[in-house]
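Below you'll find the structure, written out as structure tokens, and then a few comments.
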Amino acid sequence: MKKFILFGLSLLVTFEIYSQNKSIPWTEEGVIEIAQNASESQVLMNCSMLTQEGYLYFAEILVDKLLEFQPLSSNYNYRKGFLQLQIRRDYLAAIPNFEIAVLDVNSIYDMYSHKEKSAPQDAYYHMAQCYHYDEQLDKAESFYNQFLNNTRKQSELIPEAQLRLKQVALARQLIASPVNCKLKNVGPSVNTNYPDYSSVISFDGSAIYFTSRRPWELGETEKLKDPKLNQYPEDVYVSYIEADSNWSYPIKLEFCLPERNEATIALSTDEKNIYLYEDITGNGDIYFSNFYNNQFNEISKLDNNEINTMYWETHAMVSHDGSLLVFSSDRPGGFGGRDLYLCKKTDKGWSTPVNLGQEINGPNDEDSPFFSVDNKQLYFASNGDRSIGGFDILIAEVDLNGNFKNAKNVGYPFNSTNDDLYYTTTVDGWRGFLTSYRKDGKGEKDLYEIQNDFLGVKSITVLKGEVVTTTGDLLPDDLIFAAIIECLNCDEGTPNYEIQTRKRDGRFMTGLKPCKSYKLTYIDEKDKKVMGEETFATSCDEGYHEIYKKLIIDVATRTVVVPTPPTEPLEEVIVKDYKNIELKHFFDYNKNKLTVKRGELKDFVKEIEKQFKDGRTSITITITSSASFVPTKTFESNEQLAKLRAENMKFDLLDYFEKDSNTKGKVTISVIQTIVQGPAYEQDGKNREKYKPYQYVFLKTE
């Protein structure tokens with residue numbers, strides 16, 4: 001450690017800095033000392049220095065002091081709004097500051113002068129940004145135009161404002177024609193007051209891996225916060241879905257180090273490989289960690305100098321069958337910003353990366369790519385003119401030549417006018433997870449689950465299986481089960497690939513092409529001993545199909561004892577498509593129960609029973625319940641009323657189906673959301689029509 005003397009005009013302040021840094025780090029204690037003891041002009045000078053050097057968290061401490069001196073200063077309110085946007089993306093908190101800032105704007109702005117009372121012309125742009133994020137599109141458009149009409153011609157923000165006007169125009173179109181989707185915050189067990197982002201959902205939706213900047217429980221990261229933004233280092237966590245459909249308390253993965261940033265980007269189907277972003281080299285590269293000996297092990301850099309370069313590689317995804325790799329990079333030769341590049345698996349490794357072209361990449365940034373299970377859809381995020389604000393999720397379909405074409409915005413409210421990125425889906429494509437800034441967020445960035453009825457995989461057979469021993473236990477640690485997938489009548493050159501069971505539950509899963517014949521060879525990965533093999537064909541029918549296999553291993557002989565004989569084709573289990581059933585019941589004031597004995601709920605359960613008679617083997621019923629803001633005298637709170645409506649419905653449905661031997665054990669019921677919503681209460685509780693639309697329970701089968 002060494003000392004640094006900072007002269008802020010006549011103020012002498014002593015800072016401690018870290019000797020390994022060439023630049024001059026500031027400390028929170030030193031900045032607080034300036035705020036407490038310096039004059040207004042001295043605080044302003046140091047605030048400006050901190051802002052220009054990127055120490056925004058410290059700059060905000062001094063801005064708060066400046067606002068004590070002059071609460072209505074356009075200059076100081078501009079600074080506060082700017083810092084709230086840059087540090088936390090807190091546009092709602094920034095709006096009041098910018099509303100004061102734009103009252104006095106000066107084309108000649110001196111950020112170091114204590115006599116400066118005005119805000120710079122950039123205040124119009126940032127005011128527009130806030131309204132844009134808040135979906136106040138008319139105001140956003142007005143302030144973007146004010147900025148363009150008044151700013152200096154050499155302003156670097158002119159192209160940004162012009163782009164955002166295009167985004168506002170697209171936002172109007174997409175908001176006028178919303179897509180059918182349901183989006184909900186993943187909840188407090190995963191999302192915190194800290195940034196939580198870049199989630200990767202497992203193939204079957206049972207585990208979610210994500211990045212978080214939360215502190216370590218024993219305080220190991222307290223002295224490692226980034227002084228510029230006051231953020232903890234990035235770490236990777238995993239959370240598992242529990243029986244009640246809530247996410248478990250997250251577990252930090254073993255390779256995380258307190259002094260290092262590790263960020264999730266992708267996950268193999270068997271959850272044996274996790275891909276990471278790491279900036280150890282200073283440029284940002286793709287890393288990975290393998291799962292063995294019951295844990296994820298130390299990370300390694302992806303050893304391919306055509307993928308990892310001296311430039312910035314931020315994200316990558318390997319397709320579920322291992323045949324394709326797509327990644328983002330800002331290397332020269334692209335179309336602008338970060339572009340997406342594609343590699344194909346060959347006998348010698350990954351092929352030379354190919355830019356995906358102008359139908360995918362634009363003049364701005366493309367990032368966070370993700371393949372659907374059939375490799376027919378590419379999801380990615382873009383912040384160009386195909387977005388309605390910030391990053392948006394786009395989808396591109398593969399054409400007959402294997403090229404991804406016609407990328408388009410997936411729509412509103414799937415995308416918001418703020419950042420939406422890192423979208424990954426479960427196997428069927430109907431359920432996905434993304435990172436977003438939304439009004440109901442718990443921190444700077446949150447994870448959201450989104451369900452839709454228009455993005456599912458069009459034609460795929462999914463192979464699902466589980467492997468146990470003859471005693472019904474999971475395989476021992478010294479037996480590593482793997483299945484080699486060989487397509488017998490696919491195009492020449494189609495590579496074989498391998499999948500392994502997940503350690504935690506002995507399950508495996510992969511996608512298969514329709515109307516093809518496959519050979520599965522079961523091996524012990526340790527020494528490649530063949531334990532059995534079988535062949536089968538996938539359905540030629542359009543739609544989503546599943547093949548389920550339960551394999552029993554004799555550990556002593558290392559052989560598959562089910563099915564027998566192993567070379568005979570097994571009968572395919574095809575999952576039929578069943579119509580989803582919905583019921584939305586609106587309650588009267590303080591009511592919270594329905595009955596399965598009559599009315600619409602009786603019709604709902606009878607339709608489910610009919611589907612079981614038609615061959616359906618299982619069903620999931622999701623429950624969303626709501627209460628209005630009308631005060632309740634019967635219940636403890638409106639939140640309790642909403643929760644009771646959901647819990648009563650869950651209990652009654654479970655009781656009904658579990659009593660019937662034909663449906664017992666076949667129905668899963670999940671409460672996905674209980675909310676209080678609607679117009680503010682205005683002492684008009686007798687106005688039933690006003691509040692009744694927000695007092696309901698909504699049931700849907702999946």
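Identifiers in this document derive from the order of the structure tokens: chains are assigned A, B, ..., residues are numbered from 1 separately in each chain, and ligands are numbered from 1 in order of occurrence.
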Contacts of region 576-661 of chain A with region 239-247 of chain A up to 12 Å, shortest pair per row, only C-alpha atoms, as CSV:
residue,atom,partner,partner_atom,distance
A:Thr620,CA,A:Ser245,CA,10.9
A:Ile621,CA,A:Ser245,CA,11.3
A:Thr622,CA,A:Ser245,CA,9.7
A:Ile623,CA,A:Ser245,CA,11.0
A:Glu647,CA,A:Asp244,CA,11.2
A:Lys650,CA,A:Asp244,CA,10.6
### Message
Using only C-alpha atoms, which protein or nucleic acid residues come within 12 Å of region 697-701 of chain A? Drop anything in the same chain fewer than 2 positions from it, and give the result as number ranges by chain.
### Response
A: 182, 451, 578-588, 591-594, 600-601, 604-605, 607-608, 611, 618-627, 641-650, 653, 667-676, 692-695
Would you mind exporting the chosen residues as a PDB file, in the first residue's frame, restricted to C-alpha atoms?
ATOM      1  CA  LYS A 182     -46.683 -14.459 -19.811  1.00  0.00           C
ATOM      2  CA  GLN A 451     -44.057 -18.542 -21.435  1.00  0.00           C
ATOM      3  CA  TYR A 578     -53.449 -31.981 -26.136  1.00  0.00           C
ATOM      4  CA  LYS A 579     -55.300 -28.716 -26.078  1.00  0.00           C
ATOM      5  CA  ASN A 580     -54.435 -26.511 -23.143  1.00  0.00           C
ATOM      6  CA  ILE A 581     -57.443 -25.651 -20.996  1.00  0.00           C
ATOM      7  CA  GLU A 582     -57.857 -22.271 -19.339  1.00  0.00           C
ATOM      8  CA  LEU A 583     -60.188 -20.946 -16.672  1.00  0.00           C
ATOM      9  CA  LYS A 584     -60.286 -17.399 -15.353  1.00  0.00           C
ATOM     10  CA  HIS A 585     -62.780 -16.811 -12.546  1.00  0.00           C
ATOM     11  CA  PHE A 586     -63.489 -13.334 -11.179  1.00  0.00           C
ATOM     12  CA  PHE A 587     -64.304 -13.156  -7.449  1.00  0.00           C
ATOM     13  CA  ASP A 588     -66.596 -10.845  -5.590  1.00  0.00           C
ATOM     14  CA  LYS A 591     -64.350 -14.179  -1.834  1.00  0.00           C
ATOM     15  CA  ASN A 592     -61.586 -16.719  -2.294  1.00  0.00           C
ATOM     16  CA  LYS A 593     -62.975 -20.181  -3.102  1.00  0.00           C
ATOM     17  CA  LEU A 594     -64.589 -22.157  -5.907  1.00  0.00           C
ATOM     18  CA  GLU A 600     -67.003 -23.578 -14.475  1.00  0.00           C
ATOM     19  CA  LEU A 601     -64.513 -25.364 -12.207  1.00  0.00           C
ATOM     20  CA  PHE A 604     -62.566 -27.561 -16.095  1.00  0.00           C
ATOM     21  CA  VAL A 605     -61.757 -30.769 -14.165  1.00  0.00           C
ATOM     22  CA  GLU A 607     -62.200 -31.756 -19.446  1.00  0.00           C
ATOM     23  CA  ILE A 608     -58.933 -32.833 -17.782  1.00  0.00           C
ATOM     24  CA  GLN A 611     -57.924 -36.002 -21.721  1.00  0.00           C
ATOM     25  CA  SER A 618     -49.700 -36.430 -16.912  1.00  0.00           C
ATOM     26  CA  ILE A 619     -50.684 -32.801 -16.720  1.00  0.00           C
ATOM     27  CA  THR A 620     -49.515 -29.618 -15.022  1.00  0.00           C
ATOM     28  CA  ILE A 621     -51.966 -26.969 -13.876  1.00  0.00           C
ATOM     29  CA  THR A 622     -50.543 -23.495 -13.251  1.00  0.00           C
ATOM     30  CA  ILE A 623     -52.328 -21.036 -10.993  1.00  0.00           C
ATOM     31  CA  THR A 624     -52.151 -17.235 -11.034  1.00  0.00           C
ATOM     32  CA  SER A 625     -54.241 -15.326  -8.514  1.00  0.00           C
ATOM     33  CA  SER A 626     -54.891 -11.650  -7.981  1.00  0.00           C
ATOM     34  CA  ALA A 627     -56.470  -9.260  -5.512  1.00  0.00           C
ATOM     35  CA  LEU A 641     -56.116 -12.752   0.084  1.00  0.00           C
ATOM     36  CA  ALA A 642     -54.400 -13.273  -3.271  1.00  0.00           C
ATOM     37  CA  LYS A 643     -52.282 -16.061  -1.791  1.00  0.00           C
ATOM     38  CA  LEU A 644     -55.296 -17.754  -0.196  1.00  0.00           C
ATOM     39  CA  ARG A 645     -57.138 -17.746  -3.508  1.00  0.00           C
ATOM     40  CA  ALA A 646     -54.237 -19.623  -5.079  1.00  0.00           C
ATOM     41  CA  GLU A 647     -53.613 -21.994  -2.174  1.00  0.00           C
ATOM     42  CA  ASN A 648     -57.297 -22.875  -1.786  1.00  0.00           C
ATOM     43  CA  MET A 649     -57.496 -23.642  -5.480  1.00  0.00           C
ATOM     44  CA  LYS A 650     -54.342 -25.775  -5.337  1.00  0.00           C
ATOM     45  CA  LEU A 653     -57.707 -29.539  -7.127  1.00  0.00           C
ATOM     46  CA  VAL A 667     -51.537 -34.069 -11.828  1.00  0.00           C
ATOM     47  CA  THR A 668     -48.942 -31.459 -10.824  1.00  0.00           C
ATOM     48  CA  ILE A 669     -50.249 -28.127  -9.605  1.00  0.00           C
ATOM     49  CA  SER A 670     -48.001 -25.063  -9.429  1.00  0.00           C
ATOM     50  CA  VAL A 671     -48.738 -21.600  -8.094  1.00  0.00           C
ATOM     51  CA  ILE A 672     -46.733 -19.341 -10.399  1.00  0.00           C
ATOM     52  CA  GLN A 673     -47.858 -15.900  -9.206  1.00  0.00           C
ATOM     53  CA  THR A 674     -49.969 -14.176  -6.536  1.00  0.00           C
ATOM     54  CA  ILE A 675     -50.258 -10.434  -7.034  1.00  0.00           C
ATOM     55  CA  VAL A 676     -52.083  -7.315  -5.870  1.00  0.00           C
ATOM     56  CA  LYS A 692     -63.525  -6.847 -10.078  1.00  0.00           C
ATOM     57  CA  PRO A 693     -61.214  -7.342 -13.130  1.00  0.00           C
ATOM     58  CA  TYR A 694     -58.305  -7.541 -10.658  1.00  0.00           C
ATOM     59  CA  GLN A 695     -59.880 -10.099  -8.300  1.00  0.00           C
TER      60      GLN A 695
END
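Considering the residues A:Ile299, A:Leu170, A:Val190, A:Ile95 and counting only C-alpha atoms, Gly443 (chain A) has its shortest atom-to-atom contact with A:Val190.
Atom to atom, CA of Asn403 (chain A) and CA of Cys487 (chain A) stand 21.9 Å apart.
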### Query
Which residues come within 8 Å of Ser48 (chain A), counting only C-alpha atoms, excluding same-chain residues fewer than 2 positions away, as an MDAnalysis selection string?
chainID A and resid 44:46 50:52 59 111:112
### Query
From the set A:Thr192, A:Asn415, A:Asn77, A:Ser517, which residue has the shortest atom-to-atom contact distance to Ala537 (chain A), counting only C-alpha atoms?
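Nearest candidate to Ala537 (chain A) out of A:Thr192, A:Asn415, A:Asn77, A:Ser517: A:Ser517.
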### Task
Quick one: pick out all strand (DSSP E) residues within region 338-529 of chain A from a backbone DSSP run and write them as a PyMOL selection string.
chain A and resi 339-346+349-350+354-355+366-371+377-382+392-398+404-409+420-425+431-436+446-452+459-469+481-487+497-500+507-512+517-524+529
### Message
I want to know what sits within 8 Å of Gly432 (chain A), based on only C-alpha atoms, with residues of the same chain fewer than 6 positions away left out; could you give that as a list in words?
### Response
Ile201, Tyr423, Thr424, Thr425, Thr426, Glu449, Ile450 and Gln451 of chain A
